[in-house]
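Peer 1: Pasting data.pdb here (PDB, C-alpha atoms):
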```pdb
ATOM      1  CA  GLU A 578       6.161   8.575 -23.437
ATOM      2  CA  ARG A 579       5.318   6.878 -20.157
ATOM      3  CA  TYR A 580       4.166   3.585 -21.717
ATOM      4  CA  GLU A 581       6.868   2.911 -24.313
ATOM      5  CA  MET A 582       9.170   0.795 -22.120
ATOM      6  CA  GLN A 583       8.126  -2.833 -22.406
ATOM      7  CA  SER A 584       9.604  -5.699 -20.434
ATOM      8  CA  SER A 585      10.785  -8.913 -22.080
ATOM      9  CA  LEU A 586       8.326 -10.578 -19.675
ATOM     10  CA  LYS A 587       5.049 -10.517 -21.573
ATOM     11  CA  LYS A 588       2.568 -12.585 -19.535
ATOM     12  CA  ILE A 589       1.713 -10.854 -16.303
ATOM     13  CA  GLY A 590      -0.528 -12.104 -13.514
ATOM     14  CA  TRP A 591      -2.001  -9.843 -10.854
ATOM     15  CA  ILE A 592      -3.667 -11.077  -7.660
ATOM     16  CA  GLY A 593      -5.531  -8.402  -5.680
ATOM     17  CA  THR A 594      -7.388  -5.641  -7.533
ATOM     18  CA  GLY A 595      -8.582  -3.446  -4.670
ATOM     19  CA  VAL A 596      -8.179   0.342  -4.329
ATOM     20  CA  MET A 597      -4.469   0.233  -5.240
ATOM     21  CA  GLY A 598      -4.216  -2.886  -7.401
ATOM     22  CA  LYS A 599      -6.933  -1.807  -9.814
ATOM     23  CA  SER A 600      -5.236   1.498 -10.673
ATOM     24  CA  MET A 601      -1.852  -0.197 -11.043
ATOM     25  CA  CYS A 602      -3.366  -2.765 -13.418
ATOM     26  CA  ASP A 603      -5.008   0.048 -15.417
ATOM     27  CA  HIS A 604      -1.546   1.428 -16.202
ATOM     28  CA  LEU A 605      -0.324  -2.008 -17.354
ATOM     29  CA  LEU A 606      -3.323  -2.475 -19.659
ATOM     30  CA  LYS A 607      -2.704   0.983 -21.146
ATOM     31  CA  ALA A 608       0.895  -0.056 -21.733
ATOM     32  CA  GLY A 609      -0.325  -3.012 -23.786
ATOM     33  CA  TYR A 610       0.626  -5.853 -21.455
ATOM     34  CA  SER A 611      -1.238  -9.156 -21.526
ATOM     35  CA  LEU A 612      -2.755  -9.269 -18.042
ATOM     36  CA  SER A 613      -4.463 -12.029 -16.064
ATOM     37  CA  VAL A 614      -6.166 -10.906 -12.852
ATOM     38  CA  TYR A 615      -7.755 -12.436  -9.779
ATOM     39  CA  ASN A 616      -9.611 -10.909  -6.864
ATOM     40  CA  ARG A 617     -11.437 -12.688  -4.051
ATOM     41  CA  THR A 618     -14.474 -10.456  -4.685
ATOM     42  CA  SER A 619     -14.541 -11.003  -8.452
ATOM     43  CA  SER A 620     -16.715  -7.932  -9.156
ATOM     44  CA  LYS A 621     -13.768  -5.706  -8.177
ATOM     45  CA  ALA A 622     -11.988  -6.977 -11.296
ATOM     46  CA  ASP A 623     -14.940  -6.433 -13.688
ATOM     47  CA  ASP A 624     -13.718  -3.042 -14.872
ATOM     48  CA  LEU A 625     -10.265  -4.460 -15.712
ATOM     49  CA  VAL A 626     -11.814  -7.422 -17.550
ATOM     50  CA  SER A 627     -13.918  -4.980 -19.604
ATOM     51  CA  LYS A 628     -10.627  -3.290 -20.596
ATOM     52  CA  GLY A 629      -9.026  -6.523 -21.785
ATOM     53  CA  ALA A 630      -7.712  -8.328 -18.716
ATOM     54  CA  LYS A 631      -8.430 -12.040 -18.353
ATOM     55  CA  PHE A 632      -9.940 -13.289 -15.063
ATOM     56  CA  GLN A 633      -8.223 -16.482 -13.884
ATOM     57  CA  THR A 634      -7.799 -18.398 -10.639
ATOM     58  CA  PRO A 635      -4.537 -17.899  -8.694
ATOM     59  CA  SER A 636      -3.454 -21.411  -9.693
ATOM     60  CA  GLU A 637      -4.050 -20.692 -13.417
ATOM     61  CA  ILE A 638      -2.205 -17.378 -13.124
ATOM     62  CA  ALA A 639       0.795 -19.081 -11.489
ATOM     63  CA  LYS A 640       0.903 -21.745 -14.228
ATOM     64  CA  ASP A 641       0.474 -19.317 -17.152
ATOM     65  CA  CYS A 642       2.439 -16.216 -16.192
ATOM     66  CA  GLU A 643       6.122 -15.306 -16.205
ATOM     67  CA  VAL A 644       5.687 -12.743 -13.457
ATOM     68  CA  VAL A 645       3.011 -12.681 -10.757
ATOM     69  CA  PHE A 646       2.237  -9.572  -8.700
ATOM     70  CA  LEU A 647       0.434  -9.644  -5.350
ATOM     71  CA  MET A 648      -1.419  -6.683  -3.840
ATOM     72  CA  LEU A 649      -3.263  -8.129  -0.851
ATOM     73  CA  GLY A 650      -4.449  -6.861   2.529
ATOM     74  CA  TYR A 651      -2.606  -8.653   5.313
ATOM     75  CA  PRO A 652       0.445 -10.880   5.887
ATOM     76  CA  HIS A 653      -1.893 -13.823   6.592
ATOM     77  CA  ASP A 654      -3.480 -13.288   3.132
ATOM     78  CA  VAL A 655      -0.026 -13.415   1.536
ATOM     79  CA  LYS A 656       0.973 -16.521   3.499
ATOM     80  CA  LYS A 657      -2.255 -18.301   2.518
ATOM     81  CA  MET A 658      -1.978 -17.241  -1.140
ATOM     82  CA  VAL A 659       1.667 -18.320  -1.511
ATOM     83  CA  LEU A 660       2.775 -20.875   1.060
ATOM     84  CA  GLU A 661      -0.210 -22.715   2.468
ATOM     85  CA  GLU A 662      -1.823 -25.794   0.939
ATOM     86  CA  GLY A 663      -3.155 -24.959  -2.508
ATOM     87  CA  GLY A 664      -1.016 -21.807  -2.579
ATOM     88  CA  ILE A 665       0.516 -20.530  -5.814
ATOM     89  CA  LEU A 666       4.046 -21.689  -4.908
ATOM     90  CA  ASP A 667       2.954 -25.185  -6.011
ATOM     91  CA  ASP A 668       2.207 -23.852  -9.503
ATOM     92  CA  LEU A 669       4.816 -21.143 -10.152
ATOM     93  CA  LYS A 670       7.183 -22.058 -12.981
ATOM     94  CA  PRO A 671      10.957 -22.265 -12.407
ATOM     95  CA  GLY A 672      12.467 -19.004 -13.658
ATOM     96  CA  SER A 673       9.281 -17.029 -12.993
ATOM     97  CA  ILE A 674       9.210 -14.000 -10.699
ATOM     98  CA  LEU A 675       6.891 -13.322  -7.753
ATOM     99  CA  VAL A 676       6.576  -9.631  -6.774
ATOM    100  CA  ASP A 677       4.696  -8.900  -3.555
ATOM    101  CA  HIS A 678       3.458  -5.300  -3.403
ATOM    102  CA  THR A 679       1.520  -5.992  -0.177
ATOM    103  CA  THR A 680       2.841  -4.258   2.919
ATOM    104  CA  SER A 681       3.701  -7.331   4.920
ATOM    105  CA  SER A 682       6.119  -8.707   7.469
ATOM    106  CA  PRO A 683       9.865  -8.668   6.643
ATOM    107  CA  THR A 684      10.143 -12.099   8.291
ATOM    108  CA  LEU A 685       7.435 -13.533   6.000
ATOM    109  CA  ALA A 686       9.151 -11.961   2.959
ATOM    110  CA  GLN A 687      12.359 -13.803   3.866
ATOM    111  CA  GLU A 688      10.479 -17.088   4.319
ATOM    112  CA  ILE A 689       8.781 -16.714   0.908
ATOM    113  CA  PHE A 690      12.129 -15.852  -0.721
ATOM    114  CA  LYS A 691      13.724 -18.994   0.731
ATOM    115  CA  LYS A 692      10.854 -21.308  -0.306
ATOM    116  CA  CYS A 693      10.716 -19.763  -3.796
ATOM    117  CA  LYS A 694      14.468 -20.144  -4.263
ATOM    118  CA  GLU A 695      14.172 -23.880  -3.536
ATOM    119  CA  LYS A 696      11.762 -24.089  -6.505
ATOM    120  CA  GLY A 697      13.870 -21.923  -8.831
ATOM    121  CA  VAL A 698      11.432 -19.010  -8.530
ATOM    122  CA  HIS A 699      12.638 -15.444  -7.909
ATOM    123  CA  SER A 700      10.863 -13.544  -5.144
ATOM    124  CA  ILE A 701      10.871  -9.784  -4.520
ATOM    125  CA  ASP A 702       9.194  -7.974  -1.631
ATOM    126  CA  ALA A 703       8.178  -4.621  -3.091
ATOM    127  CA  PRO A 704       5.722  -2.662  -0.936
ATOM    128  CA  VAL A 705       4.634   0.716  -2.274
ATOM    129  CA  SER A 706       3.833   4.151  -0.907
ATOM    130  CA  GLY A 707       1.718   6.937  -2.389
ATOM    131  CA  GLY A 708      -1.824   5.780  -1.695
ATOM    132  CA  ASP A 709      -4.734   5.897  -4.123
ATOM    133  CA  VAL A 710      -3.468   9.173  -5.635
ATOM    134  CA  GLY A 711      -0.027   7.702  -6.391
ATOM    135  CA  ALA A 712      -1.585   4.570  -7.896
ATOM    136  CA  LYS A 713      -3.952   6.585 -10.134
ATOM    137  CA  ASN A 714      -1.219   9.003 -11.246
ATOM    138  CA  GLY A 715       1.396   6.279 -11.709
ATOM    139  CA  THR A 716       3.772   7.947  -9.248
ATOM    140  CA  LEU A 717       4.102   5.286  -6.537
ATOM    141  CA  ALA A 718       7.342   4.797  -4.620
ATOM    142  CA  VAL A 719       8.386   1.133  -4.796
ATOM    143  CA  MET A 720      10.816  -0.129  -2.151
ATOM    144  CA  ALA A 721      12.173  -3.572  -2.916
ATOM    145  CA  GLY A 722      14.193  -6.369  -1.379
ATOM    146  CA  GLY A 723      15.606  -9.304  -3.350
ATOM    147  CA  GLU A 724      18.084 -10.155  -6.101
ATOM    148  CA  LYS A 725      19.149  -7.447  -8.536
ATOM    149  CA  ASP A 726      18.770  -9.571 -11.696
ATOM    150  CA  ALA A 727      15.094 -10.298 -10.953
ATOM    151  CA  PHE A 728      14.472  -6.675  -9.888
ATOM    152  CA  ASP A 729      15.965  -5.398 -13.165
ATOM    153  CA  LEU A 730      13.671  -7.696 -15.170
ATOM    154  CA  VAL A 731      10.477  -6.374 -13.529
ATOM    155  CA  THR A 732      11.559  -2.695 -13.433
ATOM    156  CA  PRO A 733      10.157  -1.911 -16.929
ATOM    157  CA  ILE A 734       6.775  -3.293 -15.813
ATOM    158  CA  MET A 735       6.681  -1.420 -12.490
ATOM    159  CA  LYS A 736       7.809   1.781 -14.237
ATOM    160  CA  ASN A 737       4.279   2.118 -15.603
ATOM    161  CA  TYR A 738       2.794   2.883 -12.192
ATOM    162  CA  SER A 739       5.844   4.128 -10.273
ATOM    163  CA  GLY A 740       7.648   7.417  -9.829
ATOM    164  CA  THR A 741      10.610   5.834  -8.034
ATOM    165  CA  MET A 742      11.796   2.248  -7.698
ATOM    166  CA  SER A 743      14.559   1.397  -5.250
ATOM    167  CA  LEU A 744      16.262  -1.909  -4.485
ATOM    168  CA  LEU A 745      17.250  -1.586  -0.830
ATOM    169  CA  GLY A 746      19.083  -4.880  -0.367
ATOM    170  CA  GLU A 747      18.284  -8.516   0.186
ATOM    171  CA  SER A 748      14.909 -10.123   0.777
ATOM    172  CA  GLY A 749      12.914  -8.373   3.538
ATOM    173  CA  MET A 750      14.604  -5.006   3.064
ATOM    174  CA  GLY A 751      11.698  -3.686   0.983
ATOM    175  CA  GLN A 752       9.334  -4.407   3.868
ATOM    176  CA  HIS A 753      11.756  -2.898   6.417
ATOM    177  CA  THR A 754      11.861   0.278   4.290
ATOM    178  CA  LYS A 755       8.058   0.383   4.199
ATOM    179  CA  MET A 756       8.036   0.118   7.996
ATOM    180  CA  PHE A 757      10.452   3.078   8.098
ATOM    181  CA  ASN A 758       7.990   4.902   5.822
ATOM    182  CA  GLN A 759       4.939   4.051   7.979
ATOM    183  CA  ILE A 760       6.690   5.075  11.216
ATOM    184  CA  CYS A 761       7.414   8.485   9.641
ATOM    185  CA  ILE A 762       3.804   8.804   8.417
ATOM    186  CA  ALA A 763       2.353   7.947  11.850
ATOM    187  CA  GLY A 764       4.153  10.904  13.419
ATOM    188  CA  THR A 765       3.239  13.198  10.521
ATOM    189  CA  MET A 766      -0.467  12.301  10.707
ATOM    190  CA  ILE A 767      -0.817  13.122  14.391
ATOM    191  CA  GLY A 768       1.077  16.380  13.771
ATOM    192  CA  VAL A 769      -1.262  17.438  10.964
ATOM    193  CA  VAL A 770      -4.406  16.562  12.941
ATOM    194  CA  GLU A 771      -3.234  18.361  16.085
ATOM    195  CA  GLY A 772      -2.270  21.349  13.915
ATOM    196  CA  LEU A 773      -5.775  21.484  12.405
ATOM    197  CA  VAL A 774      -7.479  21.175  15.792
ATOM    198  CA  TYR A 775      -5.276  23.958  17.169
ATOM    199  CA  GLY A 776      -5.847  26.145  14.091
ATOM    200  CA  HIS A 777      -9.612  25.673  14.401
ATOM    201  CA  LYS A 778      -9.589  26.758  18.057
ATOM    202  CA  ALA A 779      -7.390  29.742  17.177
ATOM    203  CA  GLY A 780      -9.942  30.843  14.564
ATOM    204  CA  LEU A 781      -7.752  30.330  11.480
ATOM    205  CA  ASP A 782      -9.158  29.883   7.990
ATOM    206  CA  LEU A 783      -7.727  26.365   7.775
ATOM    207  CA  THR A 784      -7.772  26.096   3.966
ATOM    208  CA  GLN A 785      -5.785  29.331   3.774
ATOM    209  CA  ALA A 786      -3.462  28.233   6.579
ATOM    210  CA  ILE A 787      -2.650  24.930   4.845
ATOM    211  CA  LYS A 788      -1.778  26.820   1.644
ATOM    212  CA  ALA A 789       0.481  29.138   3.673
ATOM    213  CA  ILE A 790       2.574  26.341   5.185
ATOM    214  CA  GLU A 791       2.387  23.390   2.770
ATOM    215  CA  ASN A 792       5.542  24.329   0.855
ATOM    216  CA  GLY A 793       7.546  25.151   3.977
ATOM    217  CA  ALA A 794       9.225  22.835   6.472
ATOM    218  CA  ALA A 795       5.863  21.353   7.560
ATOM    219  CA  GLY A 796       5.023  20.292   4.008
ATOM    220  CA  SER A 797       4.063  16.625   3.551
ATOM    221  CA  PHE A 798       1.709  14.331   1.652
ATOM    222  CA  SER A 799      -0.474  14.241   4.783
ATOM    223  CA  LEU A 800      -0.763  18.041   4.848
ATOM    224  CA  LYS A 801      -1.125  18.579   1.086
ATOM    225  CA  VAL A 802      -3.420  15.701   0.161
ATOM    226  CA  LEU A 803      -5.093  14.460   3.338
ATOM    227  CA  ALA A 804      -5.674  17.661   5.326
ATOM    228  CA  PRO A 805      -7.996  19.110   2.600
ATOM    229  CA  ARG A 806      -9.943  15.806   2.680
ATOM    230  CA  MET A 807     -10.280  16.189   6.463
ATOM    231  CA  LEU A 808     -11.647  19.719   6.050
ATOM    232  CA  ALA A 809     -14.115  18.484   3.407
ATOM    233  CA  ARG A 810     -15.023  15.766   5.946
ATOM    234  CA  ASN A 811     -14.243  13.244   3.241
ATOM    235  CA  PHE A 812     -13.114  10.140   5.094
ATOM    236  CA  ASP A 813     -13.267   7.806   2.072
ATOM    237  CA  PRO A 814     -10.305   5.441   1.990
ATOM    238  CA  GLY A 815      -7.241   6.172  -0.072
ATOM    239  CA  PHE A 816      -5.625   3.909   2.487
ATOM    240  CA  PHE A 817      -7.766   1.971   4.996
ATOM    241  CA  VAL A 818      -7.401   2.656   8.736
ATOM    242  CA  GLU A 819      -7.405  -1.104   9.404
ATOM    243  CA  HIS A 820      -4.474  -1.584   7.015
ATOM    244  CA  PHE A 821      -2.490   1.239   8.611
ATOM    245  CA  VAL A 822      -3.085  -0.315  12.056
ATOM    246  CA  LYS A 823      -1.832  -3.624  10.613
ATOM    247  CA  ASP A 824       1.318  -1.865   9.350
ATOM    248  CA  MET A 825       1.961  -0.215  12.706
ATOM    249  CA  GLU A 826       1.526  -3.595  14.394
ATOM    250  CA  ILE A 827       4.133  -5.130  12.063
ATOM    251  CA  ALA A 828       6.540  -2.266  12.809
ATOM    252  CA  LEU A 829       6.013  -2.576  16.577
ATOM    253  CA  GLU A 830       6.464  -6.360  16.390
ATOM    254  CA  GLU A 831       9.731  -5.975  14.439
ATOM    255  CA  ALA A 832      10.842  -3.330  16.970
ATOM    256  CA  ARG A 833      10.030  -5.694  19.828
ATOM    257  CA  ARG A 834      12.069  -8.437  18.152
ATOM    258  CA  VAL A 835      15.184  -6.225  18.187
ATOM    259  CA  ASN A 836      14.433  -4.704  21.622
ATOM    260  CA  LEU A 837      13.646  -1.232  20.301
ATOM    261  CA  CYS A 838      11.436   1.348  22.052
ATOM    262  CA  LEU A 839       9.215   3.452  19.732
ATOM    263  CA  PRO A 840       6.889   5.447  22.010
ATOM    264  CA  GLY A 841       5.633   7.873  19.320
ATOM    265  CA  LEU A 842       4.510   5.036  17.064
ATOM    266  CA  SER A 843       2.880   3.222  20.006
ATOM    267  CA  LEU A 844       0.887   6.340  20.903
ATOM    268  CA  VAL A 845      -0.366   6.981  17.356
ATOM    269  CA  LYS A 846      -1.315   3.323  17.023
ATOM    270  CA  GLN A 847      -3.490   3.681  20.161
ATOM    271  CA  PHE A 848      -5.302   6.682  18.638
ATOM    272  CA  TYR A 849      -5.995   4.654  15.489
ATOM    273  CA  GLN A 850      -7.109   1.740  17.692
ATOM    274  CA  ALA A 851      -9.652   4.159  19.233
ATOM    275  CA  LEU A 852     -10.836   5.068  15.732
ATOM    276  CA  MET A 853     -11.376   1.366  14.964
ATOM    277  CA  ALA A 854     -13.237   0.952  18.285
ATOM    278  CA  GLN A 855     -15.539   3.768  17.108
ATOM    279  CA  GLY A 856     -16.269   1.875  13.880
ATOM    280  CA  GLY A 857     -13.807   3.678  11.618
ATOM    281  CA  GLU A 858     -11.761   0.734  10.316
ATOM    282  CA  LYS A 859     -12.950   1.187   6.713
ATOM    283  CA  TYR A 860     -12.310   4.945   6.690
ATOM    284  CA  GLY A 861      -9.189   6.472   5.191
ATOM    285  CA  THR A 862      -6.280   7.300   7.529
ATOM    286  CA  GLN A 863      -7.300  10.997   7.462
ATOM    287  CA  ALA A 864     -10.199  10.018   9.772
ATOM    288  CA  LEU A 865      -7.729  10.282  12.666
ATOM    289  CA  LEU A 866      -9.202  13.788  12.902
ATOM    290  CA  LEU A 867     -12.385  12.276  14.413
ATOM    291  CA  VAL A 868     -10.489  10.899  17.420
ATOM    292  CA  LEU A 869      -8.864  14.236  18.278
ATOM    293  CA  GLU A 870     -12.169  16.057  17.758
ATOM    294  CA  LYS A 871     -13.881  13.682  20.173
ATOM    295  CA  LEU A 872     -11.094  14.078  22.754
ATOM    296  CA  ASN A 873     -11.488  17.861  22.577
ATOM    297  CA  ASN A 874     -15.281  17.936  22.237
ATOM    298  CA  ILE A 875     -15.177  19.912  18.976
ATOM    299  CA  GLU A 876     -16.082  19.379  15.336
ATOM    300  CA  ILE A 877     -14.395  21.362  12.593
ATOM    301  CA  PRO A 878     -17.204  22.529  10.255
ATOM    302  CA  GLN A 879     -17.131  21.079   6.748
ATOM    303  CA  GLN A 880     -15.287  23.275   4.280
ATOM    304  CA  LYS A 881     -15.626  23.139   0.518
ATOM    305  CA  PRO A 882     -12.473  21.801  -1.166
ATOM    306  CA  ALA A 883     -10.303  24.663  -2.485
ATOM    307  CA  LEU A 884     -10.368  24.900  -6.282
TER     308      LEU A 884
END
```
Can you present the structure in this file as structure tokens?
Peer 2:
Amino acid sequence: ERYEMQSSLKKIGWIGTGVMGKSMCDHLLKAGYSLSVYNRTSSKADDLVSKGAKFQTPSEIAKDCEVVFLMLGYPHDVKKMVLEEGGILDDLKPGSILVDHTTSSPTLAQEIFKKCKEKGVHSIDAPVSGGDVGAKNGTLAVMAGGEKDAFDLVTPIMKNYSGTMSLLGESGMGQHTKMFNQICIAGTMIGVVEGLVYGHKAGLDLTQAIKAIENGAAGSFSLKVLAPRMLARNFDPGFFVEHFVKDMEIALEEARRVNLCLPGLSLVKQFYQALMAQGGEKYGTQALLLVLEKLNNIEIPQQKPAL
């Protein structure tokens, strides 16, 4: 049974209950954990509160909880929440564990780890992959950096919303792995979109064509999950365009730091930048289709999702 494995850590705090965080918290409530939550827009936590979560301020969560999870938008949100004046580092108890699920900068993860260690707090950078579908189904991939003892303590908690959990090394290595992940996705997304645009021009039944190739060498999450959304012209966010652009910027900045040339990533980032310029920052990443359609002066007609 998915929910039978309980951690010895009973009081859990969760800061950030957006698209991903809310689903992850749902799994923890189903597993019977005592959960305190906070979200900047408090209404986004209403559903969780109605299911038994307690709404508290970040400071109260840090004081009360043995483990605090973050699922925020940007590195600057993480820095403000943890390190800046009035941040939760002031209130975290010695021996407690901070797990940051936000996709953030490896350099910031290392800084947080160092500052936490000085206070006797364990810090783990643990970004996730799998999008809204993975969060809802409890099949997320967690990639972590930090100390093994702390990672082992939070594993039973994360197991409730994860398919795989990997400790990749010291602090920052979780974020580096997520960058590896995002670089791979960037290339895959442009491939899928160009494939669809080509298939449309060639007169293929695109729904049929996706089914024909999705289990072959071209198979990917982008093709299986996102391409059908593109054909349905459903650009609702499983993962926001603006957050993906942020991730690509982090990856390019880290690459610049180590004098690395990544032309494919740079190109895809420019296409997504165009999508943001056209007002698509709150769309899901599958909206990349719109940019290639505009470039080619076409629009793929809406197709009903395959049953």
Peer 1: I'd like the residues picked by the PyMOL selection byres ((chain A and resi 778-780) around 12) written out as a ChimeraX atom specification, using the chain letters and numbers from the file.
Peer 2: /A:771-777,781-786,870,873-878
Peer 1: For the residues in the current selection, export C-alpha atoms as a JSON list (two decimals), in the coordinates of the input.
Peer 2:
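That gives us result24.json:
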```json
[["chain", "number", "residue", "atom", "x", "y", "z"],
["A", 771, "GLU", "CA", -3.23, 18.36, 16.08],
["A", 772, "GLY", "CA", -2.27, 21.35, 13.92],
["A", 773, "LEU", "CA", -5.78, 21.48, 12.40],
["A", 774, "VAL", "CA", -7.48, 21.18, 15.79],
["A", 775, "TYR", "CA", -5.28, 23.96, 17.17],
["A", 776, "GLY", "CA", -5.85, 26.14, 14.09],
["A", 777, "HIS", "CA", -9.61, 25.67, 14.40],
["A", 781, "LEU", "CA", -7.75, 30.33, 11.48],
["A", 782, "ASP", "CA", -9.16, 29.88, 7.99],
["A", 783, "LEU", "CA", -7.73, 26.36, 7.78],
["A", 784, "THR", "CA", -7.77, 26.10, 3.97],
["A", 785, "GLN", "CA", -5.78, 29.33, 3.77],
["A", 786, "ALA", "CA", -3.46, 28.23, 6.58],
["A", 870, "GLU", "CA", -12.17, 16.06, 17.76],
["A", 873, "ASN", "CA", -11.49, 17.86, 22.58],
["A", 874, "ASN", "CA", -15.28, 17.94, 22.24],
["A", 875, "ILE", "CA", -15.18, 19.91, 18.98],
["A", 876, "GLU", "CA", -16.08, 19.38, 15.34],
["A", 877, "ILE", "CA", -14.40, 21.36, 12.59],
["A", 878, "PRO", "CA", -17.20, 22.53, 10.26]]
```
Peer 1: For atom CA of A:Asn616 and atom CA of A:Ile701, quote the distance in Å rounded to one decimal.
Peer 2: 20.6 Å
Peer 1: Ranking A:Met658, A:Leu744, A:Val710, A:Leu685 by minimum distance to A:Ser600 and counting all atoms listed in the file, which one comes first?
Peer 2: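 So, comparing all the options, the nearest one is A:Val710.
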Peer 1: Which residue out of A:Ile638, A:Val818, A:Val770, A:Val659 has the minimum interatomic distance to A:Ile787 when only C-alpha atoms are used?
Peer 2: A:Val770
Peer 1: Between atom CA of A:Lys846 and atom CA of A:Leu869, measure the distance and give it in Å to one decimal.
Peer 2: 13.3 Å
Peer 1: Assuming the chain letters and numbering stay as they are in my file, what does the PyMOL selection byres ((chain A and resi 879) around 8) actually select? List them as a PyMOL selection string.
Peer 2: chain A and resi 808-810+877-878+880-881
Peer 1: Restricting the calculation to all atoms listed in the file: of A:Ile762, A:Met756, A:Val845, A:Leu866, which residue gets closest to A:Glu831?
Peer 2: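 Using all atoms listed in the file, A:Glu831 sits closest to A:Met756.
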Peer 1: Using Å and a single decimal, report how far atom CA of A:Leu745 sits from atom CA of A:Ala832.
Peer 2: 19.0 Å
Peer 1: Since I can't run it myself right now, could you work out what the PyMOL selection byres ((chain A and resi 859) around 8) selects here and report it as a VMD selection string?
Peer 2: chain A and resid 814 817 to 819 856 to 858 860 to 861
Peer 1: Could you rebuild stretch 859-874 of chain A with N, CA and C atoms and give it back as an mmCIF file, in the coordinates of the input?
Peer 2:
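So the final result, stored in out-v6.cif, reads:
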```cif
data_model
loop_
_atom_site.group_PDB
_atom_site.id
_atom_site.type_symbol
_atom_site.label_atom_id
_atom_site.label_comp_id
_atom_site.auth_asym_id
_atom_site.auth_seq_id
_atom_site.Cartn_x
_atom_site.Cartn_y
_atom_site.Cartn_z
ATOM 1 N N LYS A 859 -12.895 1.106 8.186
ATOM 2 C CA LYS A 859 -12.950 1.187 6.713
ATOM 3 C C LYS A 859 -12.805 2.627 6.208
ATOM 4 N N TYR A 860 -12.593 3.568 7.105
ATOM 5 C CA TYR A 860 -12.310 4.945 6.690
ATOM 6 C C TYR A 860 -10.885 5.039 6.176
ATOM 7 N N GLY A 861 -10.570 6.174 5.548
ATOM 8 C CA GLY A 861 -9.189 6.472 5.191
ATOM 9 C C GLY A 861 -8.442 6.971 6.419
ATOM 10 N N THR A 862 -7.103 6.929 6.364
ATOM 11 C CA THR A 862 -6.280 7.300 7.529
ATOM 12 C C THR A 862 -6.517 8.737 7.991
ATOM 13 N N GLN A 863 -7.032 9.601 7.084
ATOM 14 C CA GLN A 863 -7.300 10.997 7.462
ATOM 15 C C GLN A 863 -8.395 11.102 8.535
ATOM 16 N N ALA A 864 -9.130 10.008 8.765
ATOM 17 C CA ALA A 864 -10.199 10.018 9.772
ATOM 18 C C ALA A 864 -9.640 10.078 11.197
ATOM 19 N N LEU A 865 -8.339 10.061 11.346
ATOM 20 C CA LEU A 865 -7.729 10.282 12.666
ATOM 21 C C LEU A 865 -8.259 11.579 13.285
ATOM 22 N N LEU A 866 -8.630 12.525 12.434
ATOM 23 C CA LEU A 866 -9.202 13.788 12.902
ATOM 24 C C LEU A 866 -10.360 13.546 13.883
ATOM 25 N N LEU A 867 -11.194 12.534 13.605
ATOM 26 C CA LEU A 867 -12.385 12.276 14.413
ATOM 27 C C LEU A 867 -12.035 11.970 15.866
ATOM 28 N N VAL A 868 -10.911 11.274 16.066
ATOM 29 C CA VAL A 868 -10.489 10.899 17.420
ATOM 30 C C VAL A 868 -10.096 12.141 18.217
ATOM 31 N N LEU A 869 -9.312 13.024 17.577
ATOM 32 C CA LEU A 869 -8.864 14.236 18.278
ATOM 33 C C LEU A 869 -10.022 15.213 18.496
ATOM 34 N N GLU A 870 -10.972 15.226 17.565
ATOM 35 C CA GLU A 870 -12.169 16.057 17.758
ATOM 36 C C GLU A 870 -12.953 15.573 18.978
ATOM 37 N N LYS A 871 -13.120 14.257 19.064
ATOM 38 C CA LYS A 871 -13.881 13.682 20.173
ATOM 39 C C LYS A 871 -13.191 13.970 21.510
ATOM 40 N N LEU A 872 -11.869 13.808 21.530
ATOM 41 C CA LEU A 872 -11.094 14.078 22.754
ATOM 42 C C LEU A 872 -11.290 15.519 23.218
ATOM 43 N N ASN A 873 -11.414 16.432 22.260
ATOM 44 C CA ASN A 873 -11.488 17.861 22.577
ATOM 45 C C ASN A 873 -12.907 18.433 22.534
ATOM 46 N N ASN A 874 -13.879 17.534 22.284
ATOM 47 C CA ASN A 874 -15.281 17.936 22.237
ATOM 48 C C ASN A 874 -15.531 19.083 21.244
#
```
